[in-house]
Amino acid sequence: MKNMPPTFDYAAFEIRYAAGHLYFDRCGQVLLDIDRKCPGWTVTSVTPQTGTLENPSKWLVANFNNQVFTFTAQKAWKLEMGEIAKEISGLWNIIQANLGLEEFLRIGFRLNYLLPTESEEEADRRLKKSEINLMMPQSVLDDGYSIKNRQLIAVLVKDGTEYRVELAAVIRHEGLVPPDLVRTDPRLLSKKQKEIRIAKLKQMAEYSANPTFAVNLNVDCVRFSPETLSVEEFILKQAQVVDQTFLPVLRKL
């Protein structure tokens with residue numbers, strides 16, 4: 001699985017705001033406007049505490065109340081980043097207008113990537129080679145200690161945005177079992193063997209999107225008390241930063 005590229009696993013977005021009291025008066029209007037203007041979205045739950053919507057065809061979920069708006073793309077690899085940004089922005093514009101929101105406390109966009117591996121041991125071996133890594137004093141290692149697993153976390157700041165970067169070897173119990181690798185030259189296979197090989201390659205493609213074992217890169221991009229707010233611009237900018245700055249660390253493993 002050395003040649004498998006990282007998979008964009010999921011994305012999560014959040015805005016926290018002040019003075020969202022109109023939620024209690026205008027929640028219904030928000031939901032009605034979203035139903036009319038945002039194709040594919042449906043209301044799944046409404047309470048005095050939270051309004052919940054889903055877009056089942058795209059595996060998207062959104063929640064909002066008087067304090068926060070959240071959005072999750074549960075199968076992000078099925079969508080382009082621009083499409084995710086537009087879906088978030090479309091919902092947010094309706095919520096912001098109806099609730100009269102002007103003061104924003106926190107905006108965050110989290111991107112999660114998986115590099116599929118055949119086993120937990122392979123994931124740890126890959127992680128050991130990472131440019132972002134964990135260093136133990138040689139005296140500790142000489143005393144008989146060894147690193148069983150690694151979880152590497154760093155918080156960086158640039159241009160007013162915080163980046164919480166996490167690398168870890170993970171076991172995903174909801175993931176698929178890794179398929180047997182197909183290494184035989186296809187020119188040496190019978191017709192039936194070629195059909196099996198095609199099926200195995202399909203299994204590998206499915207596993208790359210939903211692996212049991214992987215190296216996980218999770219980057220949370222956060223800005224506090226932004227004076228101006230363009231949701232779509234923020235999302236696309238942070239996605240670009242992650243792609244150019246942090247994702248290469250995963251690609252090199």
# chains A, B, ... in the order shown; residues from 1 in each chain; ligands from 1

call {"tool": "select_by_dssp", "arguments": {"residues": "segment 78-189 of chain A", "states": "strand (DSSP E)", "output": "JSON, numbers by chain"}}
result
{"A": [104, 105, 106, 107, 108, 109, 110, 111, 112, 113, 114, 115, 116, 151, 152, 153, 154, 155, 156, 157, 158, 161, 162, 163, 164, 165, 166, 167, 168, 169, 170, 171]}

call {"tool": "closest_atom_pairs", "arguments": {"of": "segment 111-156 of chain A", "to": "segment 72-86 of chain A", "cutoff": "12 Å", "atoms": "only C-alpha atoms", "output": "tab-separated table"}}
result
residue	atom	partner	partner_atom	distance
A:Leu111	CA	A:Ala76	CA	9.2
A:Asn112	CA	A:Ala76	CA	9.0
A:Tyr113	CA	A:Trp77	CA	9.6
A:Leu114	CA	A:Trp77	CA	10.7

call {"tool": "write_last_selection", "arguments": {"atoms": "C-alpha atoms", "output": "PDB file, in the first residue's frame"}}
result
ATOM      1  CA  LEU A 111      -9.544  18.830   7.910  1.00  0.00           C
ATOM      2  CA  ASN A 112      -8.837  15.147   8.492  1.00  0.00           C
ATOM      3  CA  TYR A 113      -6.707  12.959   6.199  1.00  0.00           C
ATOM      4  CA  LEU A 114      -5.894   9.242   6.287  1.00  0.00           C
TER       5      LEU A 114
END

call {"tool": "atom_distance", "arguments": {"atom1": "atom CA of Thr70 of chain A", "atom2": "atom CA of Glu14 of chain A"}}
result
4.4 Å

call {"tool": "residues_around", "arguments": {"residues": "Ile34 of chain A", "least_positions_apart": "3", "cutoff": "9 Å", "atoms": "only C-alpha atoms", "output": "list of chain:residue names"}}
result
A:Gln29, A:Val30, A:Leu31, A:Lys37, A:Cys38, A:Pro39, A:Trp41, A:Thr42, A:Gly90, A:Leu91, A:Ile94, A:Ile95

call {"tool": "write_last_selection", "arguments": {"atoms": "C-alpha atoms", "output": "PDB file, in the first residue's frame"}}
result
ATOM      1  CA  GLN A  29     -37.809  30.958   9.336  1.00  0.00           C
ATOM      2  CA  VAL A  30     -34.190  29.836   9.012  1.00  0.00           C
ATOM      3  CA  LEU A  31     -35.294  26.268   8.296  1.00  0.00           C
ATOM      4  CA  LYS A  37     -32.962  27.921  -1.233  1.00  0.00           C
ATOM      5  CA  CYS A  38     -30.584  25.015  -0.503  1.00  0.00           C
ATOM      6  CA  PRO A  39     -31.310  21.907  -2.629  1.00  0.00           C
ATOM      7  CA  TRP A  41     -31.148  19.800   2.627  1.00  0.00           C
ATOM      8  CA  THR A  42     -33.867  18.517   4.931  1.00  0.00           C
ATOM      9  CA  GLY A  90     -25.063  28.910   1.659  1.00  0.00           C
ATOM     10  CA  LEU A  91     -26.393  27.737   5.023  1.00  0.00           C
ATOM     11  CA  ILE A  94     -29.248  32.330   5.752  1.00  0.00           C
ATOM     12  CA  ILE A  95     -28.534  31.774   9.452  1.00  0.00           C
TER      13      ILE A  95
END

call {"tool": "closest_residue", "arguments": {"among": "A:Ser89, A:Thr7, A:Ser57, A:Asn66", "to": "Asn218 of chain A", "atoms": "only C-alpha atoms"}}
result
A:Thr7

call {"tool": "residues_around", "arguments": {"residues": "Arg150 of chain A", "least_positions_apart": "2", "cutoff": "10 Å", "atoms": "only C-alpha atoms", "output": "ChimeraX atom specification"}}
result
/A:123-124,127-128,133-134,147-148,152-153,167-170

call {"tool": "closest_residue", "arguments": {"among": "A:Leu60, A:Ala12, A:Leu22, A:Ile107", "to": "Phe224 of chain A", "atoms": "only C-alpha atoms"}}
result
A:Ile107

call {"tool": "closest_residue", "arguments": {"among": "A:Lys252, A:Arg16, A:Gln244, A:Thr47", "to": "Arg223 of chain A", "atoms": "only C-alpha atoms"}}
result
A:Arg16

call {"tool": "closest_residue", "arguments": {"among": "A:Ser146, A:Ser225, A:Gln151, A:Asn98", "to": "Ser130 of chain A", "atoms": "only C-alpha atoms"}}
result
A:Gln151

call {"tool": "residues_around", "arguments": {"residues": "Glu122 of chain A", "least_positions_apart": "3", "cutoff": "9 Å", "atoms": "only C-alpha atoms", "output": "number ranges by chain"}}
result
A: 117-119, 125-127, 169, 213-214

call {"tool": "write_last_selection", "arguments": {"atoms": "all heavy atoms", "output": "JSON list (two decimals), in the first residue's frame"}}
result
[["chain", "number", "residue", "atom", "x", "y", "z"],
["A", 117, "THR", "N", -2.74, 2.03, 5.63],
["A", 117, "THR", "CA", -1.65, 1.07, 5.82],
["A", 117, "THR", "C", -2.25, -0.32, 5.98],
["A", 117, "THR", "O", -3.44, -0.47, 6.22],
["A", 117, "THR", "CB", -0.80, 1.41, 7.05],
["A", 117, "THR", "OG1", -1.62, 1.32, 8.23],
["A", 117, "THR", "CG2", -0.22, 2.82, 6.95],
["A", 118, "GLU", "N", -1.39, -1.34, 5.90],
["A", 118, "GLU", "CA", -1.87, -2.72, 6.01],
["A", 118, "GLU", "C", -2.08, -3.15, 7.47],
["A", 118, "GLU", "O", -2.81, -4.10, 7.73],
["A", 118, "GLU", "CB", -0.87, -3.67, 5.37],
["A", 118, "GLU", "CG", -0.79, -3.56, 3.86],
["A", 118, "GLU", "CD", 0.14, -4.60, 3.28],
["A", 118, "GLU", "OE1", -0.15, -5.81, 3.42],
["A", 118, "GLU", "OE2", 1.17, -4.21, 2.71],
["A", 119, "SER", "N", -1.44, -2.44, 8.39],
["A", 119, "SER", "CA", -1.50, -2.86, 9.79],
["A", 119, "SER", "C", -1.18, -1.68, 10.69],
["A", 119, "SER", "O", -0.68, -0.64, 10.25],
["A", 119, "SER", "CB", -0.50, -3.99, 10.07],
["A", 119, "SER", "OG", 0.82, -3.51, 9.87],
["A", 125, "ARG", "N", 5.43, 2.48, 11.85],
["A", 125, "ARG", "CA", 6.72, 2.59, 11.16],
["A", 125, "ARG", "C", 6.74, 3.81, 10.26],
["A", 125, "ARG", "O", 7.74, 4.54, 10.19],
["A", 125, "ARG", "CB", 6.97, 1.33, 10.32],
["A", 125, "ARG", "CG", 7.35, 0.10, 11.12],
["A", 125, "ARG", "CD", 7.96, -0.97, 10.23],
["A", 125, "ARG", "NE", 7.06, -1.38, 9.15],
["A", 125, "ARG", "CZ", 6.18, -2.36, 9.25],
["A", 125, "ARG", "NH1", 6.06, -3.03, 10.39],
["A", 125, "ARG", "NH2", 5.41, -2.68, 8.22],
["A", 126, "ARG", "N", 5.63, 4.05, 9.56],
["A", 126, "ARG", "CA", 5.55, 5.24, 8.69],
["A", 126, "ARG", "C", 5.65, 6.51, 9.54],
["A", 126, "ARG", "O", 6.34, 7.46, 9.19],
["A", 126, "ARG", "CB", 4.23, 5.23, 7.93],
["A", 126, "ARG", "CG", 4.02, 4.07, 6.98],
["A", 126, "ARG", "CD", 4.56, 4.36, 5.59],
["A", 126, "ARG", "NE", 3.99, 3.44, 4.63],
["A", 126, "ARG", "CZ", 3.03, 3.75, 3.76],
["A", 126, "ARG", "NH1", 2.50, 4.95, 3.76],
["A", 126, "ARG", "NH2", 2.59, 2.86, 2.91],
["A", 127, "LEU", "N", 4.91, 6.52, 10.64],
["A", 127, "LEU", "CA", 4.87, 7.72, 11.49],
["A", 127, "LEU", "C", 6.25, 8.01, 12.08],
["A", 127, "LEU", "O", 6.62, 9.18, 12.27],
["A", 127, "LEU", "CB", 3.84, 7.50, 12.61],
["A", 127, "LEU", "CG", 3.52, 8.71, 13.49],
["A", 127, "LEU", "CD1", 3.03, 9.87, 12.65],
["A", 127, "LEU", "CD2", 2.46, 8.32, 14.51],
["A", 169, "ALA", "N", -0.96, 7.23, 14.56],
["A", 169, "ALA", "CA", -1.34, 5.94, 13.97],
["A", 169, "ALA", "C", -2.69, 5.55, 14.57],
["A", 169, "ALA", "O", -2.85, 5.59, 15.79],
["A", 169, "ALA", "CB", -0.28, 4.89, 14.28],
["A", 213, "PHE", "N", -6.62, 0.59, 9.22],
["A", 213, "PHE", "CA", -5.33, 1.05, 9.74],
["A", 213, "PHE", "C", -4.84, 2.23, 8.91],
["A", 213, "PHE", "O", -4.92, 2.20, 7.67],
["A", 213, "PHE", "CB", -4.30, -0.08, 9.69],
["A", 213, "PHE", "CG", -4.77, -1.35, 10.36],
["A", 213, "PHE", "CD1", -5.15, -2.44, 9.60],
["A", 213, "PHE", "CD2", -4.84, -1.43, 11.74],
["A", 213, "PHE", "CE1", -5.59, -3.61, 10.21],
["A", 213, "PHE", "CE2", -5.28, -2.59, 12.36],
["A", 213, "PHE", "CZ", -5.64, -3.68, 11.60],
["A", 214, "ALA", "N", -4.33, 3.26, 9.58],
["A", 214, "ALA", "CA", -3.89, 4.44, 8.84],
["A", 214, "ALA", "C", -3.03, 5.33, 9.71],
["A", 214, "ALA", "O", -3.03, 5.25, 10.94],
["A", 214, "ALA", "CB", -5.10, 5.23, 8.34]]

call {"tool": "select_by_dssp", "arguments": {"residues": "segment 47-229 of chain A", "states": "alpha helix (DSSP H)", "output": "PyMOL selection string"}}
result
chain A and resi 81-99+120-128+138-142+191-209

call {"tool": "atom_distance", "arguments": {"atom1": "atom CA of Met4 of chain A", "atom2": "atom CA of Asp220 of chain A"}}
result
23.8 Å

call {"tool": "atom_distance", "arguments": {"atom1": "atom CA of Ser45 of chain A", "atom2": "atom CA of Ala19 of chain A"}}
result
22.7 Å
